[in-house]
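Novice: Hey, dropping entry.pdb in here, PDB, C-alpha atoms, pLDDT in the B column:
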MODEL        1
ATOM      1  CA  MET A1280      -3.409  17.368   9.598  1.00 72.00           C
ATOM      2  CA  ASN A1281      -1.032  14.591   8.517  1.00 86.00           C
ATOM      3  CA  LEU A1282      -2.556  11.140   8.839  1.00 95.00           C
ATOM      4  CA  ILE A1283       0.235   9.295   7.019  1.00 96.00           C
ATOM      5  CA  LYS A1284       3.898  10.273   6.910  1.00 96.00           C
ATOM      6  CA  ILE A1285       6.224   8.277   4.675  1.00 96.00           C
ATOM      7  CA  ASN A1286       9.925   8.621   5.414  1.00 96.00           C
ATOM      8  CA  GLN A1287      12.676   7.426   3.041  1.00 96.00           C
ATOM      9  CA  LEU A1288      10.626   4.405   1.982  1.00 96.00           C
ATOM     10  CA  SER A1289      12.470   1.911  -0.221  1.00 96.00           C
ATOM     11  CA  LYS A1290      11.742  -1.581  -1.486  1.00 95.00           C
ATOM     12  CA  GLN A1291      14.210  -3.876  -3.205  1.00 94.00           C
ATOM     13  CA  TYR A1292      13.644  -7.296  -4.763  1.00 89.00           C
ATOM     14  CA  LEU A1293      16.267  -9.884  -5.641  1.00 87.00           C
ATOM     15  CA  MET A1294      15.799 -11.408  -9.093  1.00 85.00           C
ATOM     16  CA  GLY A1295      18.505 -14.027  -9.405  1.00 85.00           C
ATOM     17  CA  LYS A1296      21.642 -12.050  -8.628  1.00 84.00           C
ATOM     18  CA  THR A1297      20.112  -8.744  -9.742  1.00 90.00           C
ATOM     19  CA  VAL A1298      18.742  -6.231  -7.233  1.00 88.00           C
ATOM     20  CA  ILE A1299      15.570  -4.501  -8.437  1.00 88.00           C
ATOM     21  CA  ASN A1300      14.873  -1.107  -6.858  1.00 90.00           C
ATOM     22  CA  ALA A1301      11.085  -1.083  -7.008  1.00 92.00           C
ATOM     23  CA  LEU A1302      10.808   1.959  -4.730  1.00 94.00           C
ATOM     24  CA  ASN A1303      13.631   4.315  -3.870  1.00 94.00           C
ATOM     25  CA  ASP A1304      13.703   6.779  -0.947  1.00 94.00           C
ATOM     26  CA  VAL A1305      10.104   8.040  -1.167  1.00 95.00           C
ATOM     27  CA  ASN A1306       9.007  10.840   1.167  1.00 95.00           C
ATOM     28  CA  ILE A1307       5.325  11.837   1.175  1.00 95.00           C
ATOM     29  CA  GLU A1308       2.795  13.178   3.670  1.00 95.00           C
ATOM     30  CA  ILE A1309      -0.942  12.526   3.278  1.00 96.00           C
ATOM     31  CA  ASP A1310      -3.634  14.369   5.214  1.00 95.00           C
ATOM     32  CA  LYS A1311      -6.760  12.881   6.734  1.00 95.00           C
ATOM     33  CA  GLY A1312      -9.641  13.067   4.265  1.00 95.00           C
ATOM     34  CA  GLU A1313      -7.349  13.726   1.318  1.00 95.00           C
ATOM     35  CA  TYR A1314      -8.040  12.211  -2.107  1.00 95.00           C
ATOM     36  CA  VAL A1315      -4.674  11.306  -3.645  1.00 96.00           C
ATOM     37  CA  CYS A1316      -4.092   9.887  -7.105  1.00 96.00           C
ATOM     38  CA  ILE A1317      -0.903   7.914  -7.812  1.00 95.00           C
ATOM     39  CA  ALA A1318       0.074   7.964 -11.488  1.00 93.00           C
ATOM     40  CA  GLY A1319       2.944   6.570 -13.505  1.00 91.00           C
ATOM     41  CA  PRO A1320       3.754   4.062 -16.265  1.00 89.00           C
ATOM     42  CA  SER A1321       3.624   0.308 -15.766  1.00 86.00           C
ATOM     43  CA  GLY A1322       6.585  -0.874 -13.706  1.00 87.00           C
ATOM     44  CA  SER A1323       7.094   2.548 -12.132  1.00 91.00           C
ATOM     45  CA  GLY A1324       6.555   1.312  -8.564  1.00 91.00           C
ATOM     46  CA  LYS A1325       2.896   2.275  -8.059  1.00 92.00           C
ATOM     47  CA  SER A1326       1.686  -1.159  -6.976  1.00 91.00           C
ATOM     48  CA  THR A1327       4.703  -1.643  -4.700  1.00 93.00           C
ATOM     49  CA  PHE A1328       3.937   1.708  -3.092  1.00 95.00           C
ATOM     50  CA  LEU A1329       0.285   0.765  -2.559  1.00 95.00           C
ATOM     51  CA  ASN A1330       1.189  -2.628  -1.081  1.00 94.00           C
ATOM     52  CA  LEU A1331       3.487  -0.949   1.428  1.00 95.00           C
ATOM     53  CA  LEU A1332       0.874   1.687   2.319  1.00 94.00           C
ATOM     54  CA  GLY A1333      -1.729  -1.046   2.739  1.00 93.00           C
ATOM     55  CA  LEU A1334       0.633  -2.962   5.037  1.00 93.00           C
ATOM     56  CA  ILE A1335       0.471  -5.947   2.703  1.00 92.00           C
ATOM     57  CA  ASP A1336       4.232  -5.838   2.157  1.00 93.00           C
ATOM     58  CA  THR A1337       7.163  -4.608   4.259  1.00 93.00           C
ATOM     59  CA  PRO A1338       9.839  -2.134   3.121  1.00 95.00           C
ATOM     60  CA  THR A1339      13.542  -2.811   2.737  1.00 95.00           C
ATOM     61  CA  SER A1340      14.144   0.467   4.560  1.00 96.00           C
ATOM     62  CA  GLY A1341      12.274   3.554   5.710  1.00 96.00           C
ATOM     63  CA  GLU A1342       9.068   3.863   7.672  1.00 95.00           C
ATOM     64  CA  ILE A1343       5.376   4.684   7.484  1.00 96.00           C
ATOM     65  CA  ILE A1344       4.004   6.697  10.394  1.00 96.00           C
ATOM     66  CA  PHE A1345       0.237   6.319  10.595  1.00 94.00           C
ATOM     67  CA  ASP A1346      -1.491   8.730  12.954  1.00 91.00           C
ATOM     68  CA  GLY A1347       1.743   9.148  14.914  1.00 91.00           C
ATOM     69  CA  GLN A1348       2.563   5.430  15.038  1.00 92.00           C
ATOM     70  CA  SER A1349       5.419   3.777  13.147  1.00 95.00           C
ATOM     71  CA  VAL A1350       3.444   0.804  11.843  1.00 95.00           C
ATOM     72  CA  PHE A1351       6.285  -1.520  10.845  1.00 93.00           C
ATOM     73  CA  LYS A1352       7.519  -1.515  14.420  1.00 92.00           C
ATOM     74  CA  LEU A1353       4.302  -3.246  15.470  1.00 93.00           C
ATOM     75  CA  LYS A1354       4.285  -6.969  16.191  1.00 92.00           C
ATOM     76  CA  GLU A1355       2.668  -9.177  13.549  1.00 90.00           C
ATOM     77  CA  LYS A1356      -0.684  -9.539  15.362  1.00 91.00           C
ATOM     78  CA  GLU A1357      -0.790  -5.821  16.135  1.00 93.00           C
ATOM     79  CA  LEU A1358      -0.022  -4.980  12.498  1.00 92.00           C
ATOM     80  CA  HIS A1359      -2.783  -7.302  11.281  1.00 91.00           C
ATOM     81  CA  ARG A1360      -5.265  -5.740  13.712  1.00 91.00           C
ATOM     82  CA  PHE A1361      -4.206  -2.231  12.703  1.00 92.00           C
ATOM     83  CA  ARG A1362      -4.739  -3.020   9.008  1.00 92.00           C
ATOM     84  CA  LYS A1363      -8.067  -4.744   9.666  1.00 91.00           C
ATOM     85  CA  ASP A1364      -9.451  -1.881  11.737  1.00 91.00           C
ATOM     86  CA  ARG A1365      -8.337   1.108   9.699  1.00 94.00           C
ATOM     87  CA  ILE A1366      -7.462   0.235   6.082  1.00 95.00           C
ATOM     88  CA  SER A1367      -9.324  -1.310   3.140  1.00 95.00           C
ATOM     89  CA  PHE A1368      -7.805  -2.324  -0.188  1.00 94.00           C
ATOM     90  CA  ILE A1369      -9.465  -2.466  -3.617  1.00 93.00           C
ATOM     91  CA  PHE A1370      -7.389  -4.921  -5.655  1.00 89.00           C
ATOM     92  CA  GLN A1371      -6.961  -4.706  -9.417  1.00 85.00           C
ATOM     93  CA  ASN A1372      -7.545  -8.471  -9.722  1.00 89.00           C
ATOM     94  CA  PHE A1373     -10.563  -8.352  -7.343  1.00 92.00           C
ATOM     95  CA  ASN A1374      -9.325 -11.013  -4.845  1.00 94.00           C
ATOM     96  CA  LEU A1375     -12.863 -12.277  -4.241  1.00 96.00           C
ATOM     97  CA  ILE A1376     -13.260 -15.631  -2.478  1.00 96.00           C
ATOM     98  CA  PRO A1377     -14.399 -18.041  -5.239  1.00 97.00           C
ATOM     99  CA  ILE A1378     -16.637 -20.286  -3.111  1.00 97.00           C
ATOM    100  CA  LEU A1379     -18.560 -17.393  -1.567  1.00 97.00           C
ATOM    101  CA  SER A1380     -21.439 -15.469  -3.116  1.00 98.00           C
ATOM    102  CA  ALA A1381     -21.159 -11.746  -3.771  1.00 98.00           C
ATOM    103  CA  TYR A1382     -23.184 -11.145  -0.601  1.00 98.00           C
ATOM    104  CA  GLU A1383     -20.863 -13.352   1.454  1.00 98.00           C
ATOM    105  CA  ASN A1384     -17.754 -11.705  -0.019  1.00 97.00           C
ATOM    106  CA  ILE A1385     -19.018  -8.261   0.997  1.00 98.00           C
ATOM    107  CA  ASP A1386     -20.114  -9.595   4.376  1.00 98.00           C
ATOM    108  CA  PHE A1387     -16.806 -11.324   5.161  1.00 96.00           C
ATOM    109  CA  PRO A1388     -14.779  -8.343   6.494  1.00 95.00           C
ATOM    110  CA  MET A1389     -17.698  -7.350   8.734  1.00 96.00           C
ATOM    111  CA  LEU A1390     -17.870 -10.878  10.135  1.00 94.00           C
ATOM    112  CA  ILE A1391     -14.189 -10.596  11.020  1.00 92.00           C
ATOM    113  CA  ASN A1392     -14.874  -7.239  12.694  1.00 91.00           C
ATOM    114  CA  LYS A1393     -17.843  -8.764  14.582  1.00 93.00           C
ATOM    115  CA  VAL A1394     -20.400  -6.289  13.242  1.00 95.00           C
ATOM    116  CA  PRO A1395     -23.963  -7.248  14.338  1.00 96.00           C
ATOM    117  CA  LYS A1396     -26.000  -9.105  11.703  1.00 96.00           C
ATOM    118  CA  SER A1397     -28.693  -6.436  11.300  1.00 96.00           C
ATOM    119  CA  GLU A1398     -26.055  -3.760  10.728  1.00 97.00           C
ATOM    120  CA  ARG A1399     -24.237  -6.000   8.241  1.00 97.00           C
ATOM    121  CA  GLN A1400     -27.420  -6.534   6.242  1.00 97.00           C
ATOM    122  CA  TYR A1401     -28.147  -2.799   6.221  1.00 97.00           C
ATOM    123  CA  ARG A1402     -24.671  -1.902   4.980  1.00 97.00           C
ATOM    124  CA  ILE A1403     -24.690  -4.595   2.280  1.00 97.00           C
ATOM    125  CA  ASP A1404     -28.103  -3.469   1.012  1.00 97.00           C
ATOM    126  CA  LYS A1405     -27.006   0.158   0.920  1.00 95.00           C
ATOM    127  CA  LEU A1406     -23.621  -0.369  -0.736  1.00 95.00           C
ATOM    128  CA  SER A1407     -24.689  -3.070  -3.192  1.00 96.00           C
ATOM    129  CA  GLU A1408     -27.393  -0.683  -4.423  1.00 95.00           C
ATOM    130  CA  ALA A1409     -24.893   2.199  -4.629  1.00 94.00           C
ATOM    131  CA  VAL A1410     -22.403   0.234  -6.755  1.00 95.00           C
ATOM    132  CA  GLY A1411     -25.100  -1.492  -8.840  1.00 94.00           C
ATOM    133  CA  VAL A1412     -24.700  -5.152  -7.848  1.00 96.00           C
ATOM    134  CA  ARG A1413     -27.712  -5.731  -5.619  1.00 96.00           C
ATOM    135  CA  GLN A1414     -29.303  -8.054  -8.176  1.00 97.00           C
ATOM    136  CA  TYR A1415     -26.148 -10.199  -8.256  1.00 97.00           C
ATOM    137  CA  LEU A1416     -25.688 -10.777  -4.525  1.00 97.00           C
ATOM    138  CA  ASN A1417     -26.501 -14.512  -4.772  1.00 98.00           C
ATOM    139  CA  HIS A1418     -23.985 -15.075  -7.583  1.00 98.00           C
ATOM    140  CA  ARG A1419     -20.496 -16.477  -7.075  1.00 97.00           C
ATOM    141  CA  PRO A1420     -17.534 -14.625  -8.660  1.00 96.00           C
ATOM    142  CA  ASP A1421     -17.301 -17.070 -11.588  1.00 96.00           C
ATOM    143  CA  GLU A1422     -20.894 -16.164 -12.472  1.00 97.00           C
ATOM    144  CA  LEU A1423     -20.087 -12.440 -12.680  1.00 96.00           C
ATOM    145  CA  SER A1424     -18.435 -10.320 -15.355  1.00 95.00           C
ATOM    146  CA  GLY A1425     -15.159  -8.527 -14.660  1.00 94.00           C
ATOM    147  CA  GLY A1426     -16.985  -5.251 -14.120  1.00 94.00           C
ATOM    148  CA  GLN A1427     -19.462  -6.846 -11.722  1.00 96.00           C
ATOM    149  CA  GLN A1428     -16.634  -8.469  -9.749  1.00 96.00           C
ATOM    150  CA  GLN A1429     -14.878  -5.106  -9.576  1.00 94.00           C
ATOM    151  CA  ARG A1430     -17.989  -3.463  -8.119  1.00 95.00           C
ATOM    152  CA  VAL A1431     -18.387  -6.258  -5.565  1.00 96.00           C
ATOM    153  CA  SER A1432     -14.763  -5.768  -4.512  1.00 96.00           C
ATOM    154  CA  ILE A1433     -15.382  -2.020  -4.147  1.00 96.00           C
ATOM    155  CA  ALA A1434     -18.439  -2.671  -1.962  1.00 96.00           C
ATOM    156  CA  ARG A1435     -16.410  -5.120   0.138  1.00 96.00           C
ATOM    157  CA  ALA A1436     -13.688  -2.506   0.681  1.00 95.00           C
ATOM    158  CA  LEU A1437     -16.106   0.242   1.677  1.00 96.00           C
ATOM    159  CA  VAL A1438     -18.500  -1.771   3.830  1.00 96.00           C
ATOM    160  CA  THR A1439     -16.348  -1.570   6.974  1.00 94.00           C
ATOM    161  CA  ASN A1440     -16.342   2.260   6.891  1.00 94.00           C
ATOM    162  CA  PRO A1441     -12.532   2.314   6.706  1.00 95.00           C
ATOM    163  CA  GLU A1442     -10.451   5.330   7.612  1.00 96.00           C
ATOM    164  CA  VAL A1443      -8.207   4.803   4.575  1.00 96.00           C
ATOM    165  CA  VAL A1444      -9.101   3.206   1.224  1.00 96.00           C
ATOM    166  CA  ILE A1445      -6.213   2.141  -1.018  1.00 96.00           C
ATOM    167  CA  ALA A1446      -7.130   1.187  -4.574  1.00 94.00           C
ATOM    168  CA  ASP A1447      -5.225  -0.194  -7.559  1.00 92.00           C
ATOM    169  CA  GLU A1448      -6.994   0.741 -10.823  1.00 91.00           C
ATOM    170  CA  PRO A1449     -10.500   0.532  -9.279  1.00 91.00           C
ATOM    171  CA  THR A1450     -12.330   1.565 -12.472  1.00 90.00           C
ATOM    172  CA  ALA A1451     -10.260  -0.382 -15.016  1.00 89.00           C
ATOM    173  CA  ASN A1452     -13.045  -2.917 -15.696  1.00 90.00           C
ATOM    174  CA  LEU A1453     -15.989  -0.509 -15.549  1.00 91.00           C
ATOM    175  CA  ASP A1454     -17.974   1.211 -18.282  1.00 92.00           C
ATOM    176  CA  THR A1455     -18.513   4.980 -18.244  1.00 91.00           C
ATOM    177  CA  THR A1456     -21.821   4.902 -16.349  1.00 92.00           C
ATOM    178  CA  ASN A1457     -20.558   2.644 -13.569  1.00 92.00           C
ATOM    179  CA  THR A1458     -17.263   4.558 -13.379  1.00 91.00           C
ATOM    180  CA  ASN A1459     -19.153   7.811 -12.834  1.00 91.00           C
ATOM    181  CA  ASN A1460     -21.337   6.187 -10.158  1.00 92.00           C
ATOM    182  CA  ILE A1461     -18.321   4.806  -8.301  1.00 92.00           C
ATOM    183  CA  LEU A1462     -16.437   8.106  -8.468  1.00 91.00           C
ATOM    184  CA  ALA A1463     -19.479   9.949  -7.115  1.00 92.00           C
ATOM    185  CA  LEU A1464     -19.708   7.436  -4.245  1.00 93.00           C
ATOM    186  CA  LEU A1465     -16.030   7.870  -3.353  1.00 92.00           C
ATOM    187  CA  LYS A1466     -16.321  11.651  -3.360  1.00 91.00           C
ATOM    188  CA  GLN A1467     -19.423  11.432  -1.158  1.00 93.00           C
ATOM    189  CA  LEU A1468     -17.543   9.277   1.357  1.00 94.00           C
ATOM    190  CA  GLN A1469     -14.625  11.692   1.296  1.00 93.00           C
ATOM    191  CA  ARG A1470     -16.993  14.599   1.964  1.00 92.00           C
ATOM    192  CA  ASP A1471     -19.331  12.964   4.498  1.00 93.00           C
ATOM    193  CA  GLU A1472     -17.014  10.527   6.328  1.00 92.00           C
ATOM    194  CA  ASP A1473     -13.649  12.267   5.844  1.00 94.00           C
ATOM    195  CA  THR A1474     -12.358   9.043   4.274  1.00 95.00           C
ATOM    196  CA  THR A1475      -8.809   9.160   2.905  1.00 96.00           C
ATOM    197  CA  PHE A1476      -8.413   7.732  -0.615  1.00 96.00           C
ATOM    198  CA  ILE A1477      -5.092   6.734  -2.194  1.00 96.00           C
ATOM    199  CA  ILE A1478      -5.705   5.492  -5.730  1.00 95.00           C
ATOM    200  CA  ALA A1479      -3.315   4.296  -8.427  1.00 94.00           C
ATOM    201  CA  THR A1480      -4.867   4.806 -11.838  1.00 90.00           C
ATOM    202  CA  HIS A1481      -4.534   5.710 -15.499  1.00 88.00           C
ATOM    203  CA  ASP A1482      -8.126   7.025 -15.507  1.00 88.00           C
ATOM    204  CA  PRO A1483      -8.125  10.773 -16.309  1.00 88.00           C
ATOM    205  CA  ASP A1484     -11.485  11.245 -14.540  1.00 86.00           C
ATOM    206  CA  ILE A1485      -9.999  10.047 -11.238  1.00 88.00           C
ATOM    207  CA  MET A1486      -6.955  12.246 -11.801  1.00 90.00           C
ATOM    208  CA  LYS A1487      -9.128  15.308 -12.409  1.00 88.00           C
ATOM    209  CA  GLN A1488     -11.128  14.976  -9.206  1.00 88.00           C
ATOM    210  CA  ALA A1489      -8.161  14.156  -6.954  1.00 93.00           C
ATOM    211  CA  ASP A1490      -6.965  16.692  -4.409  1.00 95.00           C
ATOM    212  CA  ARG A1491      -3.403  15.785  -5.321  1.00 95.00           C
ATOM    213  CA  LEU A1492      -1.611  14.016  -8.144  1.00 95.00           C
ATOM    214  CA  ILE A1493       1.592  12.145  -7.286  1.00 95.00           C
ATOM    215  CA  SER A1494       3.561  10.832 -10.243  1.00 94.00           C
ATOM    216  CA  ILE A1495       5.998   7.956  -9.688  1.00 95.00           C
ATOM    217  CA  ARG A1496       8.628   6.908 -12.211  1.00 93.00           C
ATOM    218  CA  ASP A1497      11.459   4.400 -11.743  1.00 92.00           C
ATOM    219  CA  GLY A1498      10.548   4.018  -8.068  1.00 93.00           C
ATOM    220  CA  LYS A1499      10.870   7.739  -7.291  1.00 94.00           C
ATOM    221  CA  VAL A1500       8.399  10.591  -6.873  1.00 93.00           C
ATOM    222  CA  GLU A1501       8.592  12.596 -10.086  1.00 92.00           C
ATOM    223  CA  LYS A1502       5.794  15.112  -9.383  1.00 90.00           C
ATOM    224  CA  ASN A1503       3.682  16.045  -6.355  1.00 92.00           C
ATOM    225  CA  ILE A1504       0.975  18.439  -7.522  1.00 90.00           C
ATOM    226  CA  TYR A1505      -1.866  19.806  -5.389  1.00 85.00           C
ATOM    227  CA  GLN A1506      -5.160  20.288  -7.247  1.00 80.00           C
ATOM    228  CA  VAL A1507      -7.432  21.283  -4.343  1.00 60.00           C
ATOM    229  CA  GLU A1508      -8.689  24.389  -6.126  1.00 54.00           C
ATOM    230  CA  LYS A1509     -10.326  22.163  -8.761  1.00 43.00           C
ATOM    231  CA  ASN A1510     -12.433  20.382  -6.182  1.00 46.00           C
ATOM    232  CA  LYS A1511     -13.776  23.234  -4.026  1.00 42.00           C
TER     233      LYS A1511
ENDMDL
END
Now, as a test, write the supplied structure out as structure tokens.
Specialist:
Amino acid sequence: MNLIKINQLSKQYLMGKTVINALNDVNIEIDKGEYVCIAGPSGSGKSTFLNLLGLIDTPTSGEIIFDGQSVFKLKEKELHRFRKDRISFIFQNFNLIPILSAYENIDFPMLINKVPKSERQYRIDKLSEAVGVRQYLNHRPDELSGGQQQRVSIARALVTNPEVVIADEPTANLDTTNTNNILALLKQLQRDEDTTFIIATHDPDIMKQADRLISIRDGKVEKNIYQVEKNK
């Protein structure tokens, strides 16, 4: 069943007097619980595509229909609430809050969602153990390595039990052991919670385990390949 339907999505930027077509007339459908990998060279439009899907940016034209609702027709407060309740984003540059500890960074989205304290503590304990940062929960971001910050940002994205997780190079700063642990966690969430994952990456291990590989080049979909048989 389609969860996300993308119709003629385009994004243009003005650089001086030059118009940059970052994304050009993209049409894609994504099912609930699907694990989709977005591939393509640097500058191909992957990050622009993710930012639009994550409702962080708005398109020049086209629409995204999420569960039957055209999201960019929502008012600003409604759009913010929609994103907060249903989507989490794993950023390539972490986007952790510098003055907060790792624990507080993971806790922050649950505070916004008014999750009870006991439930917040349980989820943080469980996820911090799963991603291997439990021993660093009292550390601020500037006291953590890049890989540790990446794992904290992954825990923060998953802690709200989101319906859709959008990730930009989520394993770029991780070693092989931690990469394998994170990939196993994502697959478990896909299997047990029917979580939808949309991940931009150059990591061949993520590409191999994806249900579908979508290749973007010059702002257009170059390939759209289903790989479900590999993951049964």
Novice: Assuming the chain letters and numbering stay as they are in my file, what does the PyMOL selection byres ((chain A and resi 1331) around 12) actually select? List them as JSON, numbers by chain.
Specialist: {"A": [1285, 1288, 1289, 1290, 1301, 1302, 1305, 1324, 1325, 1326, 1327, 1328, 1329, 1330, 1332, 1333, 1334, 1335, 1336, 1337, 1338, 1339, 1340, 1341, 1342, 1343, 1344, 1350, 1351, 1362, 1366, 1368, 1445]}
Novice: Check what the PyMOL selection byres ((chain A and resi 1394-1406) around 12) selects in the file above and give those residues as a short mmCIF file (atom, residue, chain, number, x, y, z; two decimals) with C-alpha atoms, in the frame of the given file.
Specialist:
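Saved result, result.cif, follows:
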data_model
loop_
_atom_site.label_atom_id
_atom_site.label_comp_id
_atom_site.auth_asym_id
_atom_site.auth_seq_id
_atom_site.Cartn_x
_atom_site.Cartn_y
_atom_site.Cartn_z
CA ASP A 1364 -9.45 -1.88 11.74
CA ALA A 1381 -21.16 -11.75 -3.77
CA TYR A 1382 -23.18 -11.14 -0.60
CA GLU A 1383 -20.86 -13.35 1.45
CA ASN A 1384 -17.75 -11.70 -0.02
CA ILE A 1385 -19.02 -8.26 1.00
CA ASP A 1386 -20.11 -9.60 4.38
CA PHE A 1387 -16.81 -11.32 5.16
CA PRO A 1388 -14.78 -8.34 6.49
CA MET A 1389 -17.70 -7.35 8.73
CA LEU A 1390 -17.87 -10.88 10.14
CA ILE A 1391 -14.19 -10.60 11.02
CA ASN A 1392 -14.87 -7.24 12.69
CA LYS A 1393 -17.84 -8.76 14.58
CA SER A 1407 -24.69 -3.07 -3.19
CA GLU A 1408 -27.39 -0.68 -4.42
CA ALA A 1409 -24.89 2.20 -4.63
CA VAL A 1410 -22.40 0.23 -6.76
CA GLY A 1411 -25.10 -1.49 -8.84
CA VAL A 1412 -24.70 -5.15 -7.85
CA ARG A 1413 -27.71 -5.73 -5.62
CA GLN A 1414 -29.30 -8.05 -8.18
CA TYR A 1415 -26.15 -10.20 -8.26
CA LEU A 1416 -25.69 -10.78 -4.53
CA ARG A 1430 -17.99 -3.46 -8.12
CA VAL A 1431 -18.39 -6.26 -5.56
CA SER A 1432 -14.76 -5.77 -4.51
CA ILE A 1433 -15.38 -2.02 -4.15
CA ALA A 1434 -18.44 -2.67 -1.96
CA ARG A 1435 -16.41 -5.12 0.14
CA ALA A 1436 -13.69 -2.51 0.68
CA LEU A 1437 -16.11 0.24 1.68
CA VAL A 1438 -18.50 -1.77 3.83
CA THR A 1439 -16.35 -1.57 6.97
CA ASN A 1440 -16.34 2.26 6.89
CA ASN A 1460 -21.34 6.19 -10.16
CA ILE A 1461 -18.32 4.81 -8.30
CA LEU A 1464 -19.71 7.44 -4.24
CA LEU A 1465 -16.03 7.87 -3.35
CA LEU A 1468 -17.54 9.28 1.36
#
Novice: Translate the PyMOL selection byres ((chain A and resi 1483) around 12), as applied to the file shown, into an explicit residue set as a CSV table (one decimal) with C-alpha atoms, in the frame of the given file.
Specialist:
chain,number,residue,atom,x,y,z
A,1316,CYS,CA,-4.1,9.9,-7.1
A,1317,ILE,CA,-0.9,7.9,-7.8
A,1318,ALA,CA,0.1,8.0,-11.5
A,1448,GLU,CA,-7.0,0.7,-10.8
A,1450,THR,CA,-12.3,1.6,-12.5
A,1451,ALA,CA,-10.3,-0.4,-15.0
A,1458,THR,CA,-17.3,4.6,-13.4
A,1459,ASN,CA,-19.2,7.8,-12.8
A,1462,LEU,CA,-16.4,8.1,-8.5
A,1479,ALA,CA,-3.3,4.3,-8.4
A,1480,THR,CA,-4.9,4.8,-11.8
A,1481,HIS,CA,-4.5,5.7,-15.5
A,1482,ASP,CA,-8.1,7.0,-15.5
A,1484,ASP,CA,-11.5,11.2,-14.5
A,1485,ILE,CA,-10.0,10.0,-11.2
A,1486,MET,CA,-7.0,12.2,-11.8
A,1487,LYS,CA,-9.1,15.3,-12.4
A,1488,GLN,CA,-11.1,15.0,-9.2
A,1489,ALA,CA,-8.2,14.2,-7.0
A,1492,LEU,CA,-1.6,14.0,-8.1
Novice: In the coordinates of the file, take the point (-11.2, 12.0, 4.0) and a cut-off of 7 Å; then, counting all atoms listed in the file, name each qualifying protein, DNA or RNA residue as a compact mmCIF listing (two decimals) with C-alpha atoms, in the coordinates of the input.
Specialist:
# COMPACT_ATOMS: atom_id res chain seq x y z
CA LYS A 1311 -6.76 12.88 6.73
CA GLY A 1312 -9.64 13.07 4.26
CA GLU A 1313 -7.35 13.73 1.32
CA TYR A 1314 -8.04 12.21 -2.11
CA GLN A 1469 -14.62 11.69 1.30
CA ARG A 1470 -16.99 14.60 1.96
CA GLU A 1472 -17.01 10.53 6.33
CA ASP A 1473 -13.65 12.27 5.84
CA THR A 1474 -12.36 9.04 4.27
CA THR A 1475 -8.81 9.16 2.90
CA PHE A 1476 -8.41 7.73 -0.62
Novice: So, counting only C-alpha atoms, which residue among A:Arg1496, A:Gln1429, A:Asn1306, A:Ile1378 is closest to A:Asn1417?
Specialist: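 Ranking A:Arg1496, A:Gln1429, A:Asn1306, A:Ile1378 by distance to A:Asn1417, first place goes to A:Ile1378.
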Novice: What does the structure give for the distance between atom CA of A:Val1443 and atom CA of A:Ile1477, in Å to one decimal?
Specialist: 7.7 Å
Novice: Could you give me stretch 1378-1390 of chain A completed to N, CA and C atoms, formatted as a PDB file, in the coordinates of the input?
Specialist:
ATOM      1  N   ILE A1378     -15.541 -19.429  -3.570  1.00 97.00           N
ATOM      2  CA  ILE A1378     -16.637 -20.286  -3.111  1.00 97.00           C
ATOM      3  C   ILE A1378     -17.751 -19.509  -2.418  1.00 97.00           C
ATOM      4  N   LEU A1379     -17.553 -18.211  -2.227  1.00 97.00           N
ATOM      5  CA  LEU A1379     -18.560 -17.393  -1.567  1.00 97.00           C
ATOM      6  C   LEU A1379     -19.358 -16.590  -2.584  1.00 97.00           C
ATOM      7  N   SER A1380     -20.616 -16.329  -2.273  1.00 98.00           N
ATOM      8  CA  SER A1380     -21.439 -15.469  -3.116  1.00 98.00           C
ATOM      9  C   SER A1380     -20.963 -14.028  -2.991  1.00 98.00           C
ATOM     10  N   ALA A1381     -21.493 -13.169  -3.862  1.00 98.00           N
ATOM     11  CA  ALA A1381     -21.159 -11.746  -3.771  1.00 98.00           C
ATOM     12  C   ALA A1381     -21.548 -11.190  -2.403  1.00 98.00           C
ATOM     13  N   TYR A1382     -22.731 -11.588  -1.927  1.00 98.00           N
ATOM     14  CA  TYR A1382     -23.184 -11.145  -0.601  1.00 98.00           C
ATOM     15  C   TYR A1382     -22.190 -11.573   0.475  1.00 98.00           C
ATOM     16  N   GLU A1383     -21.772 -12.821   0.427  1.00 98.00           N
ATOM     17  CA  GLU A1383     -20.863 -13.352   1.454  1.00 98.00           C
ATOM     18  C   GLU A1383     -19.474 -12.713   1.365  1.00 98.00           C
ATOM     19  N   ASN A1384     -19.036 -12.386   0.137  1.00 97.00           N
ATOM     20  CA  ASN A1384     -17.754 -11.705  -0.019  1.00 97.00           C
ATOM     21  C   ASN A1384     -17.795 -10.318   0.613  1.00 97.00           C
ATOM     22  N   ILE A1385     -18.888  -9.593   0.405  1.00 98.00           N
ATOM     23  CA  ILE A1385     -19.018  -8.261   0.997  1.00 98.00           C
ATOM     24  C   ILE A1385     -19.166  -8.364   2.512  1.00 98.00           C
ATOM     25  N   ASP A1386     -19.849  -9.396   2.945  1.00 98.00           N
ATOM     26  CA  ASP A1386     -20.114  -9.595   4.376  1.00 98.00           C
ATOM     27  C   ASP A1386     -18.867 -10.012   5.160  1.00 98.00           C
ATOM     28  N   PHE A1387     -17.931 -10.679   4.482  1.00 96.00           N
ATOM     29  CA  PHE A1387     -16.806 -11.324   5.161  1.00 96.00           C
ATOM     30  C   PHE A1387     -15.991 -10.391   6.065  1.00 96.00           C
ATOM     31  N   PRO A1388     -15.565  -9.206   5.594  1.00 95.00           N
ATOM     32  CA  PRO A1388     -14.779  -8.343   6.494  1.00 95.00           C
ATOM     33  C   PRO A1388     -15.563  -7.854   7.703  1.00 95.00           C
ATOM     34  N   MET A1389     -16.884  -7.755   7.578  1.00 96.00           N
ATOM     35  CA  MET A1389     -17.698  -7.350   8.734  1.00 96.00           C
ATOM     36  C   MET A1389     -17.821  -8.487   9.731  1.00 96.00           C
ATOM     37  N   LEU A1390     -17.870  -9.725   9.233  1.00 94.00           N
ATOM     38  CA  LEU A1390     -17.870 -10.878  10.135  1.00 94.00           C
ATOM     39  C   LEU A1390     -16.592 -10.893  10.973  1.00 94.00           C
TER      40      LEU A1390
END
